[in-house]
>>> print(open('start_37.txt').read())   # compact mmCIF, C-alpha atoms
# COMPACT_ATOMS: atom_id res chain seq x y z
CA GLU Q 23 48.41 19.88 -33.81
CA ALA Q 24 45.76 17.26 -33.21
CA ALA Q 25 42.27 18.61 -33.69
CA VAL Q 26 38.86 17.50 -32.50
CA THR Q 27 35.83 19.65 -33.22
CA GLN Q 28 32.29 19.31 -31.92
CA SER Q 29 29.00 20.71 -33.10
CA PRO Q 30 26.91 22.29 -31.88
CA ARG Q 31 28.81 23.96 -29.05
CA SER Q 32 25.62 24.42 -27.12
CA LYS Q 33 22.06 23.23 -27.55
CA VAL Q 34 18.73 23.53 -25.83
CA ALA Q 35 16.42 20.59 -26.43
CA VAL Q 36 12.92 19.69 -25.33
CA THR Q 37 12.12 16.60 -23.31
CA GLY Q 38 11.28 13.72 -25.61
CA GLY Q 39 12.97 15.27 -28.60
CA LYS Q 40 15.83 13.82 -30.63
CA VAL Q 41 19.31 15.28 -30.24
CA THR Q 42 22.38 14.56 -32.33
CA LEU Q 43 25.83 15.68 -31.26
CA SER Q 44 28.60 15.53 -33.83
CA CYS Q 45 32.34 15.09 -33.52
CA HIS Q 46 35.02 15.37 -36.20
CA GLN Q 47 38.72 14.65 -35.86
CA THR Q 48 41.57 15.33 -38.24
CA ASN Q 49 44.11 13.33 -36.27
CA ASN Q 50 43.78 10.08 -38.19
CA HIS Q 51 43.18 8.39 -34.84
CA ASP Q 52 41.49 5.02 -34.65
CA TYR Q 53 39.77 5.48 -31.28
CA MET Q 54 37.00 7.98 -30.61
CA TYR Q 55 35.04 8.51 -27.41
CA TRP Q 56 31.99 10.26 -26.02
CA TYR Q 57 31.95 11.39 -22.40
CA ARG Q 58 29.51 13.32 -20.29
CA GLN Q 59 30.43 15.60 -17.46
CA ASP Q 60 27.93 16.85 -14.93
CA THR Q 61 28.58 20.02 -13.01
CA GLY Q 62 31.18 19.40 -10.37
CA HIS Q 63 31.61 15.77 -11.39
CA GLY Q 64 34.03 13.70 -13.36
CA LEU Q 65 34.05 12.29 -16.86
CA ARG Q 66 31.90 9.27 -17.60
CA LEU Q 67 32.36 7.20 -20.74
CA ILE Q 68 29.17 6.73 -22.78
CA HIS Q 69 30.32 5.03 -25.99
CA TYR Q 70 33.56 4.55 -27.84
CA SER Q 71 34.73 3.20 -31.17
CA TYR Q 72 37.99 1.83 -32.49
CA VAL Q 73 37.00 1.40 -36.12
CA ALA Q 74 34.48 2.85 -38.53
CA ASP Q 75 31.02 1.26 -38.57
CA SER Q 76 31.49 -0.20 -35.10
CA THR Q 77 30.78 1.16 -31.64
CA GLU Q 78 31.21 -0.14 -28.10
CA LYS Q 79 29.29 0.61 -24.93
CA GLY Q 80 31.04 2.49 -22.18
CA ASP Q 81 29.98 2.80 -18.57
CA ILE Q 82 26.70 4.72 -19.01
CA PRO Q 83 25.27 3.83 -22.46
CA ASP Q 84 21.58 3.77 -21.51
CA GLY Q 85 19.60 6.41 -23.34
CA TYR Q 86 22.36 7.03 -25.89
CA LYS Q 87 23.26 5.65 -29.28
CA ALA Q 88 26.48 6.21 -31.17
CA SER Q 89 27.40 6.12 -34.83
CA ARG Q 90 30.83 6.04 -36.50
CA PRO Q 91 30.22 6.32 -40.25
CA SER Q 92 33.87 7.09 -41.01
CA GLN Q 93 37.19 7.25 -39.19
CA GLU Q 94 36.86 11.01 -38.84
CA ASN Q 95 33.27 11.28 -37.59
CA PHE Q 96 31.55 10.05 -34.46
CA SER Q 97 28.02 11.04 -33.46
CA LEU Q 98 26.08 10.72 -30.24
CA ILE Q 99 22.32 10.37 -30.55
CA LEU Q 100 19.72 10.93 -27.87
CA GLU Q 101 16.52 9.49 -29.34
CA LEU Q 102 14.30 10.70 -26.49
CA ALA Q 103 16.06 13.42 -24.57
CA SER Q 104 15.37 13.61 -20.85
CA LEU Q 105 16.02 16.20 -18.18
CA SER Q 106 18.68 13.95 -16.64
CA GLN Q 107 20.75 14.19 -19.82
CA THR Q 108 21.51 17.85 -19.24
CA ALA Q 109 25.31 17.93 -19.10
CA VAL Q 110 28.46 18.88 -20.98
CA TYR Q 111 29.47 16.30 -23.56
CA PHE Q 112 33.07 15.81 -24.64
CA CYS Q 113 34.34 13.94 -27.64
CA ALA Q 114 37.92 12.69 -27.76
CA SER Q 115 40.21 10.73 -30.03
CA SER Q 116 43.40 8.72 -29.52
CA VAL Q 117 45.76 6.26 -31.12
CA GLY Q 118 44.83 3.06 -29.37
CA THR Q 119 44.05 3.03 -25.67
CA ALA Q 120 47.67 3.77 -24.78
CA GLY Q 121 47.73 7.01 -26.70
CA GLU Q 122 47.03 10.50 -25.45
CA GLN Q 123 43.38 11.48 -25.70
CA TYR Q 124 42.70 14.74 -27.48
CA PHE Q 125 39.47 16.31 -26.35
CA GLY Q 126 37.11 18.53 -28.25
CA PRO Q 127 35.81 21.80 -26.78
CA GLY Q 128 32.64 20.21 -25.44
CA THR Q 129 28.93 20.64 -26.12
CA ARG Q 130 26.72 22.08 -23.42
CA LEU Q 131 23.32 20.37 -23.67
CA THR Q 132 20.34 21.64 -21.75
CA VAL Q 133 17.15 19.61 -21.84
CA LEU Q 134 14.01 21.46 -20.76
CA GLY I 16 36.69 -5.47 -13.57
CA ASP I 17 39.28 -2.82 -14.19
CA SER I 18 38.97 0.43 -12.28
CA VAL I 19 40.72 3.56 -11.05
CA THR I 20 40.34 4.98 -7.56
CA GLN I 21 41.05 8.56 -6.59
CA THR I 22 40.38 8.75 -2.89
CA GLU I 23 40.22 12.54 -2.52
CA GLY I 24 37.36 14.36 -4.11
CA LEU I 25 38.67 17.73 -3.00
CA VAL I 26 42.14 18.84 -1.93
CA THR I 27 42.62 22.36 -0.62
CA LEU I 28 46.05 23.69 0.21
CA THR I 29 48.07 26.86 0.48
CA GLU I 30 50.33 28.13 -2.27
CA GLY I 31 53.88 26.87 -1.86
CA LEU I 32 52.98 23.65 -0.11
CA PRO I 33 53.59 20.26 -1.74
CA VAL I 34 50.88 18.52 -3.72
CA MET I 35 50.10 14.83 -3.68
CA LEU I 36 47.02 13.40 -5.37
CA ASN I 37 46.40 9.72 -4.92
CA CYS I 38 45.64 7.22 -7.65
CA THR I 39 45.39 3.46 -7.40
CA TYR I 40 44.13 1.06 -10.00
CA GLN I 41 42.94 -2.49 -10.55
CA THR I 42 43.57 -4.42 -13.73
CA ILE I 43 44.09 -7.96 -14.92
CA TYR I 44 46.57 -6.75 -17.53
CA SER I 45 50.26 -6.83 -16.69
CA ASN I 46 51.27 -3.82 -18.81
CA PRO I 47 48.75 -1.05 -18.28
CA PHE I 48 49.23 2.55 -19.30
CA LEU I 49 48.57 5.18 -16.63
CA PHE I 50 47.69 8.79 -17.30
CA TRP I 51 47.05 12.03 -15.47
CA TYR I 52 44.78 14.54 -17.17
CA VAL I 53 44.12 18.08 -15.99
CA GLN I 54 41.03 20.17 -16.63
CA HIS I 55 40.99 23.86 -15.81
CA LEU I 56 37.71 25.69 -15.34
CA ASN I 57 35.71 25.99 -18.56
CA GLU I 58 38.34 24.11 -20.53
CA SER I 59 38.66 20.59 -21.92
CA PRO I 60 40.79 17.93 -20.25
CA ARG I 61 44.35 17.63 -21.52
CA LEU I 62 47.15 15.17 -20.87
CA LEU I 63 49.56 16.03 -18.07
CA LEU I 64 51.56 12.81 -17.64
CA LYS I 65 51.70 9.30 -19.02
CA SER I 66 53.63 6.18 -18.04
CA PHE I 67 53.83 2.46 -18.63
CA THR I 68 57.26 1.77 -17.17
CA ASP I 69 57.43 0.32 -13.68
CA ASN I 70 59.31 2.40 -11.09
CA LYS I 71 60.28 5.14 -13.54
CA ARG I 72 59.57 8.77 -12.62
CA THR I 73 57.74 10.78 -15.29
CA GLU I 74 57.78 14.59 -15.15
CA HIS I 75 56.02 17.41 -16.93
CA GLN I 76 55.34 21.05 -16.08
CA GLY I 77 56.64 20.65 -12.52
CA PHE I 78 54.46 17.63 -11.79
CA HIS I 79 55.79 14.10 -11.48
CA ALA I 80 54.46 10.61 -10.95
CA THR I 81 55.94 7.14 -10.69
CA LEU I 82 54.11 3.99 -11.71
CA HIS I 83 54.46 1.33 -9.03
CA LYS I 84 53.01 -1.94 -10.25
CA SER I 85 53.71 -3.64 -6.93
CA SER I 86 51.22 -1.34 -5.22
CA SER I 87 49.11 -0.52 -8.31
CA SER I 88 49.66 3.18 -7.73
CA PHE I 89 50.40 6.27 -9.81
CA HIS I 90 50.27 9.23 -7.43
CA LEU I 91 50.70 12.77 -8.76
CA GLN I 92 53.12 15.07 -6.95
CA LYS I 93 54.50 18.56 -7.12
CA SER I 94 56.96 20.12 -4.74
CA SER I 95 55.33 23.54 -4.52
CA ALA I 96 51.74 24.36 -5.45
CA GLN I 97 50.90 27.44 -7.48
CA LEU I 98 47.60 29.26 -7.72
CA SER I 99 47.42 28.26 -11.39
CA ASP I 100 47.45 24.57 -10.41
CA SER I 101 43.85 24.86 -9.25
CA ALA I 102 41.98 22.45 -11.51
CA LEU I 103 40.30 19.07 -11.75
CA TYR I 104 42.79 16.19 -12.04
CA TYR I 105 41.92 12.79 -13.45
CA CYS I 106 43.87 9.59 -13.21
CA ALA I 107 43.19 7.14 -16.03
CA LEU I 108 44.07 3.56 -16.92
CA GLY I 109 44.48 2.28 -20.48
CA ASN I 110 44.50 -1.37 -21.44
CA ASN I 111 41.76 -2.87 -23.62
CA ARG I 112 39.88 0.41 -23.14
CA ILE I 113 40.23 3.57 -21.09
CA PHE I 114 39.06 3.91 -17.48
CA PHE I 115 38.92 7.28 -15.74
CA GLY I 116 38.85 7.88 -12.02
CA ASP I 117 36.25 10.21 -10.53
CA GLY I 118 38.70 13.10 -10.41
CA THR I 119 40.24 15.22 -7.65
CA GLN I 120 39.47 18.92 -7.45
CA LEU I 121 42.62 20.78 -6.38
CA VAL I 122 42.13 24.24 -4.92
CA VAL I 123 45.24 26.27 -4.17
CA LYS I 124 44.76 29.31 -1.96
CA PRO I 125 47.08 32.29 -1.43
>>> encode(input="start_37.txt", output="structure tokens")
Amino acid sequence: EAAVTQSPRSKVAVTGGKVTLSCHQTNNHDYMYWYRQDTGHGLRLIHYSYVADSTEKGDIPDGYKASRPSQENFSLILELASLSQTAVYFCASSVGTAGEQYFGPGTRLTVL
Amino acid sequence: GDSVTQTEGLVTLTEGLPVMLNCTYQTIYSNPFLFWYVQHLNESPRLLLKSFTDNKRTEHQGFHATLHKSSSSFHLQKSSAQLSDSALYYCALGNNRIFFGDGTQLVVKP
């Protein structure tokens, strides 16, 4: 069974603070993704990566950085958290872009 | 650029009635992969259906969809809605990267 884990599962951050969300997959997948989901809205792609040490911008990259130090790990960094970044963040992995995406359980981020 | 359009933001229907959720896409690639993902309340999205073959019906868990490249469509259908089908449904396109539609919230009432 493909597995994607995220940590923390929930976090409260202060405006202007730094937040790091972590994602780990044991699927041996090449692609990893970070999405945000706002209440009642759809998934929006922030960053993705298809190989270690390289990341690509998605549709809403502003205010976010990503890091892929190894095939298994993919982090999302908010250098200066803002109120508008309050959302649920999902990590996912897949084999190529044609493969099924396996999603993690999500991280609920609240910025105060 | 590439994109996915789901025209209905919310679909409400009565249990037992047929379901059809619309999905159309735009891409410059001739062999795209199309997906339907489902997300139940307080859960993560998971794959429901996937296809890359033109005019071939794909089925899973009572749902089916057919990729029609001529009309760039991949509509999701089910013959009889169940209460447990209430969820958020995403259509997605895979080529050089993944593109998700905005999602359709399906609410099935008794």
>>> closest_atom_pairs(input="start_37.txt", of="chain Q", to="chain I", cutoff="6 Å", atoms="only C-alpha atoms", output="JSON lines")
{"residue": "Q:Gly64", "atom": "CA", "partner": "I:Asp117", "partner_atom": "CA", "distance": 5.0}
{"residue": "Q:Thr119", "atom": "CA", "partner": "I:Gly109", "partner_atom": "CA", "distance": 5.3}
{"residue": "Q:Ala120", "atom": "CA", "partner": "I:Gly109", "partner_atom": "CA", "distance": 5.6}
{"residue": "Q:Pro127", "atom": "CA", "partner": "I:Ser59", "partner_atom": "CA", "distance": 5.8}
>>> residues_around(input="start_37.txt", residues="Leu36 of chain I", least_positions_apart="4", cutoff="9 Å", atoms="all atoms listed in the file", output="VMD selection string")
chain I and resid 21 to 23 26 90 to 92 104 119 121
>>> atom_distance(input="start_37.txt", atom1="atom CA of Phe125 of chain Q", atom2="atom CA of Tyr55 of chain Q")
9.0 Å
>>> residues_around(input="start_37.txt", residues="Ser95 of chain I", least_positions_apart="4", cutoff="6 Å", atoms="only C-alpha atoms", output="count of residues only")
3
>>> residues_around(input="start_37.txt", residues="segment 86-93 of chain Q", least_positions_apart="2", cutoff="12 Å", atoms="only C-alpha atoms", output="ChimeraX atom specification")
/Q:40-58,67-84,95-104,107,111,113,115-117
>>> residues_around(input="start_37.txt", residues="Val133 of chain Q", least_positions_apart="3", cutoff="9 Å", atoms="only C-alpha atoms", output="number ranges by chain")
Q: 33-37, 103-109
>>> closest_residue(input="start_37.txt", among="I:Val53, I:Ala102, I:Glu30, I:Cys38", to="His75 of chain I", atoms="all atoms listed in the file")
I:Val53
>>> atom_distance(input="start_37.txt", atom1="atom CA of Gly62 of chain Q", atom2="atom CA of Thr20 of chain I")
17.3 Å
>>> atom_distance(input="start_37.txt", atom1="atom CA of Phe78 of chain I", atom2="atom CA of Ser94 of chain I")
7.9 Å
>>> closest_residue(input="start_37.txt", among="Q:Val26, Q:Thr61, Q:Gly38, Q:Gly85", to="Gln123 of chain Q", atoms="only C-alpha atoms")
Q:Val26
